[in-house]
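*Asks:* Okay, here's the structure, questions in a sec.
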Amino acid sequence: MRLVFAGTPEVAGTALRAVLASRHTVEAVVTRPDAPAGRGRRVEPSPVAALGSEAGLEVLKPVRPNDLVFLHRLREIAPDCCPVTAYGALLPQQALDIPRHGWVNLHFSVLPAWRGAAPVHHAILHGDDITGATTFRIVKELDAGPVFGVVTEPVRPADTTGGLLERLATVGAELLVATLDGIEDGTLRAVPQPAEGVSLAPKLTPADARVNWKLPAHLIDRQIRACTPDPGAWTEFDGGRMKLWPVTLSASGQPGAPGAAGPAGVTEEPAVPSGAASAPGWLAPGELRVERGAVYAGTGSRPVRLGDVQPPGKRRMDAAAWARGLRPGFDTSLGFG
């Protein structure tokens with residue numbers, strides 16, 4: 001089939017590479033306009049735009065996909081189908097009607113669960129054991145179109161959004177190519193999504209990434225992993241904002257006890273009883289303690305061992321290295337969020 005591929009971030013680049021290597025012909029790519037990126041905030045093309053240019057493809061960058069010039073050009077190309085991965089804008093009906101086989105989206109959840117912009121974030125945040133990827137025909141309602149295919153992927157105990165998304169991008173790209181093959185061969189039919197089990201996955205904001213140390217340890221663990229690398233979990237410390245990377249759950253209420261990041265659904269210890277925060281081994285929510293080269297923070301249940309941190313204006317570093325650089329008598333607590 002003759003295709004026009006739509007996508008923007010690197011995860012979409014994985015899908016585009018797979019489609020370029022398939023039996024189908026990509027005539028052009030559609031992506032979001034150039035935008036500031038990186039630490040220097042230089043205006044740069046999207047990963048899909050860069051990959052499309054390298055492949056010698058026409059690159060379309062409409063500010064809005066209902067732009068008349070863009071729609072006219074799309075009609076001129078007359079694609080048979082438009083595969084989509086993380087394009088980042090809602091497509092108008094005028095665009096949806098152009099390809100005879102429609103627009104086929106690769107979405108990183110098992111629909112109808114986690115419709116929206118951040119399905120992988122929410123799968124981790126809510127403790128899902130299984131997630132996956134779905135291909136479906138785009139309709140006007142958000143992520144509600146009939147499904148062509150599904151692949152599942154376990155959520156591992158230490159998964160971050162970034163790590164899980166990398167795996168889903170690889171298996172999802174294979175699913176997308178298989179879907180396009182089946183559409184061309186006439187061997188694949190789209191099946192309506194079930195009415196039950198719908199959940200929404202709106203984009204996480206910096207406010208969603210602020211850690212509340214009064215929550216149980218397993219929820220803080222999920223939150224930080226869900227927000228890694230973006231939007232980036234953080235907490236207040238000494239009047240500033242400190243970025244956090246994944247923590248390790250202690251195996252008991254004692255700081256320093258061996259343990260690993262707990263799996264989704266881990267059985268938590270009871271919340272700290274009233275008056276127990278000062279008892280040996282317990283830390284109050286947000287209270288810090290340095291022991292044997294590790295830094296522990298109290299939560300609403302058991303302490304967690306901090307991983308890497310990034311204080312304001314400084315580089316990312318191991319929490320123990322950060323603690324060694326603190327001045328004597330430093331504030332021994334983190335903000336509650």
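Residue numbers start at 1 in each chain; chains themselves are named A, B, ... in the order of the structure tokens; ligands are numbered from 1 in the order shown.
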Show me, as a VMD selection string, the residues that have an atom within 7 Å of range 163-176 of chain A when counting only C-alpha atoms, minus same-chain residues fewer than 5 positions from it.

*Replies:* chain A and resid 11 14 to 15 18 106 108 120 132 to 133 135

*Asks:* Using only C-alpha atoms, please write the residues we just selected to a file, as a CSV table (one decimal), in the first residue's frame.

*Replies:*
chain,number,residue,atom,x,y,z
A,11,VAL,CA,8.8,6.2,20.0
A,14,THR,CA,10.6,3.1,16.0
A,15,ALA,CA,7.3,2.5,14.2
A,18,ALA,CA,9.5,-0.8,10.8
A,106,LEU,CA,-0.8,2.3,17.2
A,108,PHE,CA,0.3,1.8,23.8
A,120,VAL,CA,2.0,3.9,29.8
A,132,GLY,CA,0.3,-3.8,25.7
A,133,ALA,CA,-0.3,-2.2,22.4
A,135,THR,CA,-3.9,-1.1,16.5

*Asks:* Find the residues near range 236-245 of chain A: any atom within 6 Å, counting only C-alpha atoms, skip ones fewer than 2 places away on the same chain, and give them as number ranges by chain.

*Replies:* A: 233-234, 307-312, 334-335

*Asks:* Using only C-alpha atoms, pick whichever of A:Val247, A:Leu283, A:Ala158, A:Leu74 has the shortest atom-to-atom distance to Asp97 in chain A.

*Replies:*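 Of A:Val247, A:Leu283, A:Ala158, A:Leu74, the one nearest Asp97 in chain A, counting only C-alpha atoms, is A:Leu74.
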
*Asks:* Going by DSSP on the backbone, which residues of range 105-326 of chain A come out as alpha helix (DSSP H)? List them as an mmCIF file with N, CA and C atoms, in the first residue's frame.

*Replies:*
data_model
loop_
_atom_site.group_PDB
_atom_site.id
_atom_site.type_symbol
_atom_site.label_atom_id
_atom_site.label_comp_id
_atom_site.auth_asym_id
_atom_site.auth_seq_id
_atom_site.Cartn_x
_atom_site.Cartn_y
_atom_site.Cartn_z
ATOM 1 N N PRO A 119 -0.967 6.562 28.256
ATOM 2 C CA PRO A 119 -1.396 5.231 28.716
ATOM 3 C C PRO A 119 -0.328 4.482 29.493
ATOM 4 N N VAL A 120 0.943 4.617 29.126
ATOM 5 C CA VAL A 120 2.001 3.884 29.827
ATOM 6 C C VAL A 120 2.213 4.469 31.221
ATOM 7 N N HIS A 121 2.191 5.787 31.327
ATOM 8 C CA HIS A 121 2.292 6.426 32.646
ATOM 9 C C HIS A 121 1.222 5.877 33.596
ATOM 10 N N HIS A 122 -0.023 5.820 33.103
ATOM 11 C CA HIS A 122 -1.120 5.417 33.980
ATOM 12 C C HIS A 122 -1.097 3.924 34.290
ATOM 13 N N ALA A 123 -0.611 3.106 33.379
ATOM 14 C CA ALA A 123 -0.493 1.676 33.674
ATOM 15 C C ALA A 123 0.438 1.449 34.861
ATOM 16 N N ILE A 124 1.555 2.166 34.888
ATOM 17 C CA ILE A 124 2.495 2.037 36.006
ATOM 18 C C ILE A 124 1.934 2.700 37.258
ATOM 19 N N LEU A 125 1.383 3.887 37.109
ATOM 20 C CA LEU A 125 0.860 4.640 38.253
ATOM 21 C C LEU A 125 -0.224 3.863 38.990
ATOM 22 N N THR A 161 8.282 4.502 33.012
ATOM 23 C CA THR A 161 7.552 4.767 31.778
ATOM 24 C C THR A 161 8.486 4.708 30.575
ATOM 25 N N GLY A 162 9.682 5.270 30.713
ATOM 26 C CA GLY A 162 10.619 5.261 29.601
ATOM 27 C C GLY A 162 11.038 3.869 29.185
ATOM 28 N N GLY A 163 11.372 3.016 30.144
ATOM 29 C CA GLY A 163 11.813 1.659 29.837
ATOM 30 C C GLY A 163 10.703 0.806 29.252
ATOM 31 N N LEU A 164 9.508 0.898 29.835
ATOM 32 C CA LEU A 164 8.379 0.113 29.342
ATOM 33 C C LEU A 164 7.973 0.579 27.946
ATOM 34 N N LEU A 165 8.017 1.890 27.723
ATOM 35 C CA LEU A 165 7.638 2.412 26.421
ATOM 36 C C LEU A 165 8.600 1.943 25.326
ATOM 37 N N GLU A 166 9.871 1.795 25.656
ATOM 38 C CA GLU A 166 10.831 1.280 24.675
ATOM 39 C C GLU A 166 10.447 -0.129 24.226
ATOM 40 N N ARG A 167 10.069 -0.991 25.188
ATOM 41 C CA ARG A 167 9.666 -2.351 24.826
ATOM 42 C C ARG A 167 8.378 -2.344 24.006
ATOM 43 N N LEU A 168 7.425 -1.520 24.421
ATOM 44 C CA LEU A 168 6.156 -1.465 23.709
ATOM 45 C C LEU A 168 6.336 -0.910 22.304
ATOM 46 N N ALA A 169 7.269 0.027 22.144
ATOM 47 C CA ALA A 169 7.516 0.574 20.811
ATOM 48 C C ALA A 169 7.997 -0.510 19.858
ATOM 49 N N THR A 170 8.825 -1.420 20.348
ATOM 50 C CA THR A 170 9.369 -2.487 19.499
ATOM 51 C C THR A 170 8.290 -3.498 19.114
ATOM 52 N N VAL A 171 7.565 -4.016 20.115
ATOM 53 C CA VAL A 171 6.526 -5.003 19.800
ATOM 54 C C VAL A 171 5.358 -4.342 19.082
ATOM 55 N N GLY A 172 5.101 -3.075 19.392
ATOM 56 C CA GLY A 172 4.021 -2.359 18.727
ATOM 57 C C GLY A 172 4.312 -2.104 17.263
ATOM 58 N N ALA A 173 5.572 -1.817 16.936
ATOM 59 C CA ALA A 173 5.942 -1.594 15.542
ATOM 60 C C ALA A 173 5.701 -2.851 14.709
ATOM 61 N N GLU A 174 6.025 -4.016 15.288
ATOM 62 C CA GLU A 174 5.764 -5.280 14.591
ATOM 63 C C GLU A 174 4.258 -5.481 14.385
ATOM 64 N N LEU A 175 3.482 -5.137 15.411
ATOM 65 C CA LEU A 175 2.022 -5.254 15.302
ATOM 66 C C LEU A 175 1.485 -4.325 14.224
ATOM 67 N N LEU A 176 2.010 -3.114 14.136
ATOM 68 C CA LEU A 176 1.538 -2.154 13.142
ATOM 69 C C LEU A 176 1.786 -2.666 11.725
ATOM 70 N N VAL A 177 2.977 -3.189 11.476
ATOM 71 C CA VAL A 177 3.283 -3.719 10.142
ATOM 72 C C VAL A 177 2.378 -4.910 9.826
ATOM 73 N N ALA A 178 2.182 -5.799 10.788
ATOM 74 C CA ALA A 178 1.295 -6.949 10.566
ATOM 75 C C ALA A 178 -0.134 -6.488 10.283
ATOM 76 N N THR A 179 -0.568 -5.421 10.949
ATOM 77 C CA THR A 179 -1.902 -4.872 10.707
ATOM 78 C C THR A 179 -2.019 -4.326 9.290
ATOM 79 N N LEU A 180 -1.023 -3.584 8.855
ATOM 80 C CA LEU A 180 -1.042 -3.043 7.488
ATOM 81 C C LEU A 180 -1.058 -4.170 6.454
ATOM 82 N N ASP A 181 -0.268 -5.221 6.714
ATOM 83 C CA ASP A 181 -0.264 -6.382 5.812
ATOM 84 C C ASP A 181 -1.650 -7.005 5.724
ATOM 85 N N GLY A 182 -2.294 -7.182 6.879
ATOM 86 C CA GLY A 182 -3.612 -7.805 6.908
ATOM 87 C C GLY A 182 -4.672 -6.962 6.239
ATOM 88 N N ILE A 183 -4.570 -5.635 6.385
ATOM 89 C CA ILE A 183 -5.526 -4.750 5.713
ATOM 90 C C ILE A 183 -5.369 -4.873 4.196
ATOM 91 N N GLU A 184 -4.130 -4.866 3.720
ATOM 92 C CA GLU A 184 -3.897 -4.968 2.277
ATOM 93 C C GLU A 184 -4.356 -6.311 1.730
ATOM 94 N N ASP A 185 -4.106 -7.382 2.484
ATOM 95 C CA ASP A 185 -4.481 -8.723 2.028
ATOM 96 C C ASP A 185 -5.983 -8.992 2.139
ATOM 97 N N ALA A 217 4.360 3.665 50.800
ATOM 98 C CA ALA A 217 5.595 3.527 50.014
ATOM 99 C C ALA A 217 5.328 2.982 48.619
ATOM 100 N N HIS A 218 4.425 2.000 48.485
ATOM 101 C CA HIS A 218 4.222 1.402 47.165
ATOM 102 C C HIS A 218 3.598 2.387 46.182
ATOM 103 N N LEU A 219 2.789 3.324 46.683
ATOM 104 C CA LEU A 219 2.216 4.330 45.790
ATOM 105 C C LEU A 219 3.260 5.362 45.374
ATOM 106 N N ILE A 220 4.156 5.724 46.283
ATOM 107 C CA ILE A 220 5.245 6.635 45.937
ATOM 108 C C ILE A 220 6.175 5.985 44.915
ATOM 109 N N ASP A 221 6.471 4.706 45.112
ATOM 110 C CA ASP A 221 7.298 3.965 44.152
ATOM 111 C C ASP A 221 6.673 4.006 42.763
ATOM 112 N N ARG A 222 5.384 3.728 42.672
ATOM 113 C CA ARG A 222 4.702 3.749 41.376
ATOM 114 C C ARG A 222 4.722 5.148 40.764
ATOM 115 N N GLN A 223 4.440 6.153 41.589
ATOM 116 C CA GLN A 223 4.381 7.516 41.081
ATOM 117 C C GLN A 223 5.715 7.935 40.475
ATOM 118 N N ILE A 224 6.807 7.671 41.175
ATOM 119 C CA ILE A 224 8.117 8.092 40.691
ATOM 120 C C ILE A 224 8.477 7.346 39.408
ATOM 121 N N ARG A 225 8.210 6.030 39.368
ATOM 122 C CA ARG A 225 8.512 5.271 38.149
ATOM 123 C C ARG A 225 7.634 5.727 36.977
ATOM 124 N N ALA A 226 6.360 6.047 37.266
ATOM 125 C CA ALA A 226 5.463 6.515 36.210
ATOM 126 C C ALA A 226 5.913 7.860 35.640
ATOM 127 N N ALA A 319 21.972 9.592 45.642
ATOM 128 C CA ALA A 319 21.488 10.261 46.848
ATOM 129 C C ALA A 319 22.550 10.309 47.946
ATOM 130 N N ALA A 320 23.376 9.258 48.055
ATOM 131 C CA ALA A 320 24.421 9.253 49.086
ATOM 132 C C ALA A 320 25.441 10.348 48.819
ATOM 133 N N ALA A 321 25.814 10.557 47.550
ATOM 134 C CA ALA A 321 26.747 11.620 47.204
ATOM 135 C C ALA A 321 26.138 12.982 47.509
ATOM 136 N N TRP A 322 24.847 13.119 47.243
ATOM 137 C CA TRP A 322 24.157 14.374 47.575
ATOM 138 C C TRP A 322 24.183 14.626 49.079
ATOM 139 N N ALA A 323 23.902 13.596 49.866
ATOM 140 C CA ALA A 323 23.860 13.763 51.315
ATOM 141 C C ALA A 323 25.234 14.120 51.881
ATOM 142 N N ARG A 324 26.295 13.565 51.298
ATOM 143 C CA ARG A 324 27.643 13.894 51.786
ATOM 144 C C ARG A 324 27.979 15.362 51.563
#

*Asks:* Would you list the contacts of Phe136 in chain A as a PyMOL selection string, taking every protein, DNA or RNA residue within 7 Å and counting only C-alpha atoms, but skipping same-chain residues closer than 3 positions in sequence?

*Replies:* chain A and resi 104-106+145-148

*Asks:* Give me, as a VMD selection string, all polymer residues having an atom no more than 7 Å from range 196-206 of chain A, counting only C-alpha atoms and skipping those fewer than 5 positions away in the same chain.

*Replies:* chain A and resid 112 to 119 122 231

*Asks:* Please save N, CA, C and O atoms of the selected residues as an mmCIF file, in the first residue's frame.

*Replies:*
data_model
loop_
_atom_site.group_PDB
_atom_site.id
_atom_site.type_symbol
_atom_site.label_atom_id
_atom_site.label_comp_id
_atom_site.auth_asym_id
_atom_site.auth_seq_id
_atom_site.Cartn_x
_atom_site.Cartn_y
_atom_site.Cartn_z
ATOM 1 N N PRO A 112 -10.092 -1.249 25.660
ATOM 2 C CA PRO A 112 -10.375 0.159 25.928
ATOM 3 C C PRO A 112 -9.722 0.751 27.177
ATOM 4 O O PRO A 112 -10.090 1.849 27.593
ATOM 5 N N ALA A 113 -8.787 0.060 27.774
ATOM 6 C CA ALA A 113 -8.104 0.626 28.948
ATOM 7 C C ALA A 113 -7.149 1.732 28.511
ATOM 8 O O ALA A 113 -6.470 1.625 27.494
ATOM 9 N N TRP A 114 -7.108 2.772 29.295
ATOM 10 C CA TRP A 114 -6.148 3.874 29.162
ATOM 11 C C TRP A 114 -6.180 4.536 27.784
ATOM 12 O O TRP A 114 -5.195 4.605 27.083
ATOM 13 N N ARG A 115 -7.362 5.041 27.459
ATOM 14 C CA ARG A 115 -7.483 5.907 26.281
ATOM 15 C C ARG A 115 -6.909 7.286 26.633
ATOM 16 O O ARG A 115 -7.207 7.819 27.702
ATOM 17 N N GLY A 116 -6.115 7.846 25.748
ATOM 18 C CA GLY A 116 -5.600 9.182 26.004
ATOM 19 C C GLY A 116 -4.115 9.294 25.747
ATOM 20 O O GLY A 116 -3.484 8.400 25.174
ATOM 21 N N ALA A 117 -3.539 10.407 26.199
ATOM 22 C CA ALA A 117 -2.169 10.781 25.835
ATOM 23 C C ALA A 117 -1.085 10.038 26.605
ATOM 24 O O ALA A 117 0.053 9.983 26.156
ATOM 25 N N ALA A 118 -1.417 9.467 27.778
ATOM 26 C CA ALA A 118 -0.363 8.909 28.632
ATOM 27 C C ALA A 118 -0.716 7.514 29.145
ATOM 28 O O ALA A 118 -0.733 7.268 30.356
ATOM 29 N N PRO A 119 -0.967 6.562 28.256
ATOM 30 C CA PRO A 119 -1.396 5.231 28.716
ATOM 31 C C PRO A 119 -0.328 4.482 29.493
ATOM 32 O O PRO A 119 -0.655 3.750 30.438
ATOM 33 N N HIS A 122 -0.023 5.820 33.103
ATOM 34 C CA HIS A 122 -1.120 5.417 33.980
ATOM 35 C C HIS A 122 -1.097 3.924 34.290
ATOM 36 O O HIS A 122 -1.518 3.522 35.386
ATOM 37 N N PRO A 231 6.917 13.474 33.405
ATOM 38 C CA PRO A 231 7.418 14.836 33.595
ATOM 39 C C PRO A 231 8.530 14.991 34.628
ATOM 40 O O PRO A 231 9.036 16.077 34.829
#

*Asks:* List every residue of range 143-230 of chain A that DSSP, applied to the backbone, labels as strand (DSSP E), and write the result as a count of residues only.

*Replies:* 8

*Asks:* Quick one: everything within 12 Å of Leu20 in chain A, counting only C-alpha atoms, minus sequence neighbours fewer than 5 positions away in the same chain. Send it as a PyMOL selection string.

*Replies:* chain A and resi 1-5+13-15+25-29+51-52+54-57+83+173-174+176-177

*Asks:* What does the distance between CA of Tyr296 in chain A and CA of Pro229 in chain A come to in Å, to one decimal place?

*Replies:*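 Between CA of Tyr296 in chain A and CA of Pro229 in chain A the gap works out to 21.5 Å.
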
*Asks:* Tell me which of A:Ser301, A:Ser22, A:Thr31, A:Thr131 sits closest to Phe70 in chain A, counting only C-alpha atoms.

*Replies:*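 The closest residue to Phe70 in chain A is A:Thr31.
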
*Asks:* Quick one, how far is CA of Val155 in chain A from CA of Ala6 in chain A?

*Replies:*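 Between CA of Val155 in chain A and CA of Ala6 in chain A the gap is 27.2 Å.
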
*Asks:* Suppose you want the space between CA of Asp143 in chain A and CA of His126 in chain A; what is it in Å?

*Replies:*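 CA of His126 in chain A lies at a distance of 19.6 Å from CA of Asp143 in chain A.
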